[in-house]
Amino acid sequence: MLVLGLESSCDETGVALYDTEHGLLSHALHSQVAMHADFGGVVPELASRDHIQRALPLTEQVLKAANKTLQDIDGIAYTQGPGLAGALLVGTSIAQSLAFSLKIPSIGVHHLEGHLLAPLLEENPPEFPFVALLVSGGHSQLMRVDGIGQYQLLGDTLDDAAGEAFDKTAKLLGLGYPGGPALAKIALQGKARFTLPRPMLHSKDLNFSFSGLKTAVLTLVNKTKPLDTQAQADIAWEFQEAVTEILTAKCMTALRETGLDNLIVSGGVGANTRLRERLNQATKRKLCKVSYPRLEFCTDNGAMIAFAGAQRLKAMQIEAQDYRFGVRPRWDLAELMTP
Ligand code: KG4
Ligand code: ZN
């Protein structure tokens, strides 16, 4: 089954072709980072307009790269939510119109399910069940995953998501947007000089809280004089140490509590080198496995949507196809979970 996947929930237009027998055939991405950089964050209206410009040329590009035509496609997967309403509407309307005209099934994919299953796109994919750490700009969750649609929430953030904490801290340090990669880059020049708290590190649960850490950075930034490049790098270094220590500790607790020996990490923060270093060490020590998506599939992309959609389309008995443009800007992953 050949599935076209379309991602347009935020500031990246991603398109991919996934074949259930032959794997990922092609994928293409346009990032709007440069366009939003001047505004210090995503401008929703600009994002929607740009998705309109990019979606069809990227679709043609992936078809050509895989030597396929529209008529070869058996199903279409699109990000239905959560995300920016206007941006979601672009991908949804294109996907539904194409599916309607080609008389093929379509499926609205939950963006986080896409992230969650992204490590399965790699060679020697992890086997169910596993513990998943999903750390993106909007979410920080630990889940037990027993199969497609079988997700059990183990822990969540009480306030900011990990990526959001990276972005806000980068802003406080006067670094560019998006903050995560910029902060990780400058942290390479940093060293141990300051001390920041590790909120919830020793809490008995698997929840996170990052807003106190951000406030501690603000206090530190205000009292550090001069706030030169070295001081920025040292604060970034300590911040990254704090976040990655907390994330690693919680992952190891989740593995211990579930009795599982398999961890997967996904979402934009999963691209962080220091996080990967710590998780590799910690899992090795406990004889557990850890898997990540390739770097480009940690952040938003079409491949993860094509993959998640293909798994669902394969398992579905489609009787009456719904081609309405129903986006879900707010959509709790819990609604997907099968009892
Ligand atoms: O998964 P994603 O592309 O979008 C959401 O669904 O949110 O994640 C984007 C987030 C941003 O907050 C970005 O700053 C963060 O992931 N990020 C990183 C790194 N690369 C992206 N954070 C830390 N280190 C990185 N290398
Ligand atoms: Zn995402």
# chains A, B, ... in the order shown; residues from 1 in each chain; ligands from 1

call {"tool": "residues_near_ligand", "arguments": {"ligand": "ligand 1", "cutoff": "6 Å", "atoms": "only C-alpha atoms and all ligand atoms", "output": "list in words"}}
result
Ser136, Gly137, Gly138, Gly163, Glu164, Phe166, Asp167, Pro178, Gly179, Gly180, Pro181, Ala184, Gly267, Gly268, Val269, Ala271, Asn272, Thr299 and Asp300 of chain A

call {"tool": "write_last_selection", "arguments": {"atoms": "C-alpha atoms", "output": "tab-separated table (two decimals), in the first residue's frame"}}
result
chain	number	residue	atom	x	y	z
A	136	SER	CA	8.85	18.51	21.46
A	137	GLY	CA	8.02	22.20	21.46
A	138	GLY	CA	4.55	21.50	22.81
A	163	GLY	CA	11.36	22.30	23.84
A	164	GLU	CA	9.45	25.34	25.08
A	166	PHE	CA	14.81	25.51	25.52
A	167	ASP	CA	13.12	28.15	23.33
A	178	PRO	CA	14.26	28.34	17.18
A	179	GLY	CA	16.00	28.33	20.52
A	180	GLY	CA	16.75	24.63	21.03
A	181	PRO	CA	19.41	24.20	18.33
A	184	ALA	CA	22.68	23.52	22.14
A	267	GLY	CA	10.27	14.98	19.09
A	268	GLY	CA	12.52	17.97	18.40
A	269	VAL	CA	14.43	17.81	21.71
A	271	ALA	CA	17.80	15.75	18.38
A	272	ASN	CA	19.80	17.13	21.31
A	299	THR	CA	11.54	17.54	14.23
A	300	ASP	CA	8.36	17.84	12.15

call {"tool": "residues_near_ligand", "arguments": {"ligand": "ligand 2", "cutoff": "12 Å", "atoms": "only C-alpha atoms and all ligand atoms", "output": "MDAnalysis selection string"}}
result
chainID A and resid 7:14 79 81:84 110:116 118 134:140 161 163:164 266:270 296:302 304:305

call {"tool": "select_by_dssp", "arguments": {"residues": "range 165-337 of chain A", "states": "strand (DSSP E)", "output": "ChimeraX atom specification"}}
result
/A:262-266,289-291

call {"tool": "write_last_selection", "arguments": {"atoms": "N, CA, C and O atoms", "output": "tab-separated table (two decimals), in the first residue's frame"}}
result
chain	number	residue	atom	x	y	z
A	262	ASN	N	13.33	-1.33	26.80
A	262	ASN	CA	13.39	-0.72	25.49
A	262	ASN	C	12.86	0.70	25.57
A	262	ASN	O	11.72	0.91	25.99
A	263	LEU	N	13.70	1.67	25.19
A	263	LEU	CA	13.29	3.08	25.25
A	263	LEU	C	13.37	3.69	23.86
A	263	LEU	O	14.31	3.41	23.12
A	264	ILE	N	12.39	4.50	23.50
A	264	ILE	CA	12.52	5.28	22.26
A	264	ILE	C	12.35	6.75	22.61
A	264	ILE	O	11.66	7.10	23.57
A	265	VAL	N	13.01	7.60	21.84
A	265	VAL	CA	12.96	9.04	22.11
A	265	VAL	C	12.54	9.74	20.83
A	265	VAL	O	13.08	9.44	19.76
A	266	SER	N	11.57	10.63	20.90
A	266	SER	CA	11.18	11.34	19.69
A	266	SER	C	10.76	12.77	19.99
A	266	SER	O	10.64	13.15	21.16
A	289	LYS	N	17.89	-0.96	25.82
A	289	LYS	CA	18.15	-0.43	24.48
A	289	LYS	C	17.50	0.95	24.36
A	289	LYS	O	16.48	1.23	24.98
A	290	VAL	N	18.10	1.80	23.54
A	290	VAL	CA	17.47	3.09	23.26
A	290	VAL	C	17.53	3.35	21.76
A	290	VAL	O	18.53	3.07	21.11
A	291	SER	N	16.42	3.84	21.19
A	291	SER	CA	16.37	4.14	19.75
A	291	SER	C	15.86	5.56	19.53
A	291	SER	O	15.02	6.05	20.29

call {"tool": "select_by_dssp", "arguments": {"residues": "range 186-289 of chain A", "states": "alpha helix (DSSP H)", "output": "PyMOL selection string"}}
result
chain A and resi 186-187+211-223+229-258+273-285

call {"tool": "residues_around", "arguments": {"residues": "range 94-99 of chain A", "least_positions_apart": "2", "cutoff": "12 Å", "atoms": "only C-alpha atoms", "output": "PyMOL selection string"}}
result
chain A and resi 3-8+15+51-56+59+70-71+73-80+87-92+101-109+306+321-327

call {"tool": "atom_distance", "arguments": {"atom1": "CA of Leu213 in chain A", "atom2": "CA of Gln240 in chain A"}}
result
10.7 Å

call {"tool": "atom_distance", "arguments": {"atom1": "CA of Asp205 in chain A", "atom2": "CA of Met337 in chain A"}}
result
21.4 Å

call {"tool": "decode", "arguments": {"residues": "range 298-310 of chain A", "atoms": "all heavy atoms", "output": "PDB file, in the first residue's frame"}}
result
ATOM      1  N   CYS A 298      13.377  13.835  13.886  1.00  0.00           N
ATOM      2  CA  CYS A 298      13.037  14.219  15.258  1.00  0.00           C
ATOM      3  C   CYS A 298      12.084  15.403  15.201  1.00  0.00           C
ATOM      4  O   CYS A 298      11.071  15.449  15.891  1.00  0.00           O
ATOM      5  CB  CYS A 298      14.286  14.638  16.028  1.00  0.00           C
ATOM      6  SG  CYS A 298      15.245  13.252  16.625  1.00  0.00           S
ATOM      7  N   THR A 299      12.419  16.382  14.375  1.00  0.00           N
ATOM      8  CA  THR A 299      11.541  17.543  14.226  1.00  0.00           C
ATOM      9  C   THR A 299      10.447  17.202  13.200  1.00  0.00           C
ATOM     10  O   THR A 299      10.438  16.110  12.631  1.00  0.00           O
ATOM     11  CB  THR A 299      12.360  18.771  13.781  1.00  0.00           C
ATOM     12  OG1 THR A 299      13.270  18.351  12.780  1.00  0.00           O
ATOM     13  CG2 THR A 299      13.164  19.356  14.930  1.00  0.00           C
ATOM     14  N   ASP A 300       9.534  18.131  12.975  1.00  0.00           N
ATOM     15  CA  ASP A 300       8.362  17.844  12.151  1.00  0.00           C
ATOM     16  C   ASP A 300       8.750  17.424  10.729  1.00  0.00           C
ATOM     17  O   ASP A 300       9.654  18.012  10.127  1.00  0.00           O
ATOM     18  CB  ASP A 300       7.457  19.084  12.099  1.00  0.00           C
ATOM     19  CG  ASP A 300       6.867  19.377  13.470  1.00  0.00           C
ATOM     20  OD1 ASP A 300       6.977  18.506  14.361  1.00  0.00           O
ATOM     21  OD2 ASP A 300       6.299  20.461  13.643  1.00  0.00           O
ATOM     22  N   ASN A 301       8.031  16.440  10.216  1.00  0.00           N
ATOM     23  CA  ASN A 301       8.328  15.931   8.871  1.00  0.00           C
ATOM     24  C   ASN A 301       7.142  15.152   8.327  1.00  0.00           C
ATOM     25  O   ASN A 301       6.247  14.754   9.087  1.00  0.00           O
ATOM     26  CB  ASN A 301       9.578  15.032   8.942  1.00  0.00           C
ATOM     27  CG  ASN A 301       9.337  13.803   9.777  1.00  0.00           C
ATOM     28  OD1 ASN A 301       8.845  12.795   9.292  1.00  0.00           O
ATOM     29  ND2 ASN A 301       9.643  13.874  11.078  1.00  0.00           N
ATOM     30  N   GLY A 302       7.131  14.924   7.032  1.00  0.00           N
ATOM     31  CA  GLY A 302       6.014  14.205   6.401  1.00  0.00           C
ATOM     32  C   GLY A 302       6.132  12.695   6.549  1.00  0.00           C
ATOM     33  O   GLY A 302       5.120  11.985   6.538  1.00  0.00           O
ATOM     34  N   ALA A 303       7.375  12.200   6.692  1.00  0.00           N
ATOM     35  CA  ALA A 303       7.584  10.745   6.745  1.00  0.00           C
ATOM     36  C   ALA A 303       6.852  10.122   7.930  1.00  0.00           C
ATOM     37  O   ALA A 303       6.224   9.071   7.801  1.00  0.00           O
ATOM     38  CB  ALA A 303       9.082  10.452   6.820  1.00  0.00           C
ATOM     39  N   MET A 304       6.910  10.789   9.087  1.00  0.00           N
ATOM     40  CA  MET A 304       6.274  10.208  10.272  1.00  0.00           C
ATOM     41  C   MET A 304       4.746  10.173  10.107  1.00  0.00           C
ATOM     42  O   MET A 304       4.078   9.275  10.628  1.00  0.00           O
ATOM     43  CB  MET A 304       6.676  10.984  11.538  1.00  0.00           C
ATOM     44  CG  MET A 304       6.177  12.412  11.600  1.00  0.00           C
ATOM     45  SD  MET A 304       6.761  13.230  13.108  1.00  0.00           S
ATOM     46  CE  MET A 304       5.693  14.698  13.143  1.00  0.00           C
ATOM     47  N   ILE A 305       4.206  11.131   9.373  1.00  0.00           N
ATOM     48  CA  ILE A 305       2.753  11.167   9.156  1.00  0.00           C
ATOM     49  C   ILE A 305       2.348  10.080   8.153  1.00  0.00           C
ATOM     50  O   ILE A 305       1.348   9.373   8.348  1.00  0.00           O
ATOM     51  CB  ILE A 305       2.307  12.574   8.664  1.00  0.00           C
ATOM     52  CG1 ILE A 305       2.713  13.654   9.694  1.00  0.00           C
ATOM     53  CG2 ILE A 305       0.800  12.625   8.384  1.00  0.00           C
ATOM     54  CD1 ILE A 305       2.182  13.448  11.102  1.00  0.00           C
ATOM     55  N   ALA A 306       3.154   9.931   7.083  1.00  0.00           N
ATOM     56  CA  ALA A 306       2.881   8.874   6.103  1.00  0.00           C
ATOM     57  C   ALA A 306       2.953   7.509   6.789  1.00  0.00           C
ATOM     58  O   ALA A 306       2.110   6.639   6.571  1.00  0.00           O
ATOM     59  CB  ALA A 306       3.894   8.953   4.962  1.00  0.00           C
ATOM     60  N   PHE A 307       3.941   7.337   7.665  1.00  0.00           N
ATOM     61  CA  PHE A 307       4.130   6.048   8.339  1.00  0.00           C
ATOM     62  C   PHE A 307       2.963   5.744   9.286  1.00  0.00           C
ATOM     63  O   PHE A 307       2.357   4.670   9.220  1.00  0.00           O
ATOM     64  CB  PHE A 307       5.454   6.033   9.115  1.00  0.00           C
ATOM     65  CG  PHE A 307       5.681   4.759   9.859  1.00  0.00           C
ATOM     66  CD1 PHE A 307       6.134   3.630   9.199  1.00  0.00           C
ATOM     67  CD2 PHE A 307       5.421   4.668  11.218  1.00  0.00           C
ATOM     68  CE1 PHE A 307       6.327   2.431   9.883  1.00  0.00           C
ATOM     69  CE2 PHE A 307       5.605   3.474  11.911  1.00  0.00           C
ATOM     70  CZ  PHE A 307       6.060   2.356  11.238  1.00  0.00           C
ATOM     71  N   ALA A 308       2.657   6.711  10.175  1.00  0.00           N
ATOM     72  CA  ALA A 308       1.568   6.487  11.145  1.00  0.00           C
ATOM     73  C   ALA A 308       0.244   6.268  10.416  1.00  0.00           C
ATOM     74  O   ALA A 308      -0.544   5.386  10.773  1.00  0.00           O
ATOM     75  CB  ALA A 308       1.469   7.670  12.105  1.00  0.00           C
ATOM     76  N   GLY A 309       0.007   7.062   9.356  1.00  0.00           N
ATOM     77  CA  GLY A 309      -1.236   6.929   8.575  1.00  0.00           C
ATOM     78  C   GLY A 309      -1.310   5.570   7.902  1.00  0.00           C
ATOM     79  O   GLY A 309      -2.366   4.932   7.868  1.00  0.00           O
ATOM     80  N   ALA A 310      -0.176   5.099   7.378  1.00  0.00           N
ATOM     81  CA  ALA A 310      -0.152   3.805   6.686  1.00  0.00           C
ATOM     82  C   ALA A 310      -0.502   2.679   7.649  1.00  0.00           C
ATOM     83  O   ALA A 310      -1.258   1.764   7.311  1.00  0.00           O
ATOM     84  CB  ALA A 310       1.226   3.571   6.072  1.00  0.00           C
TER      85      ALA A 310
END
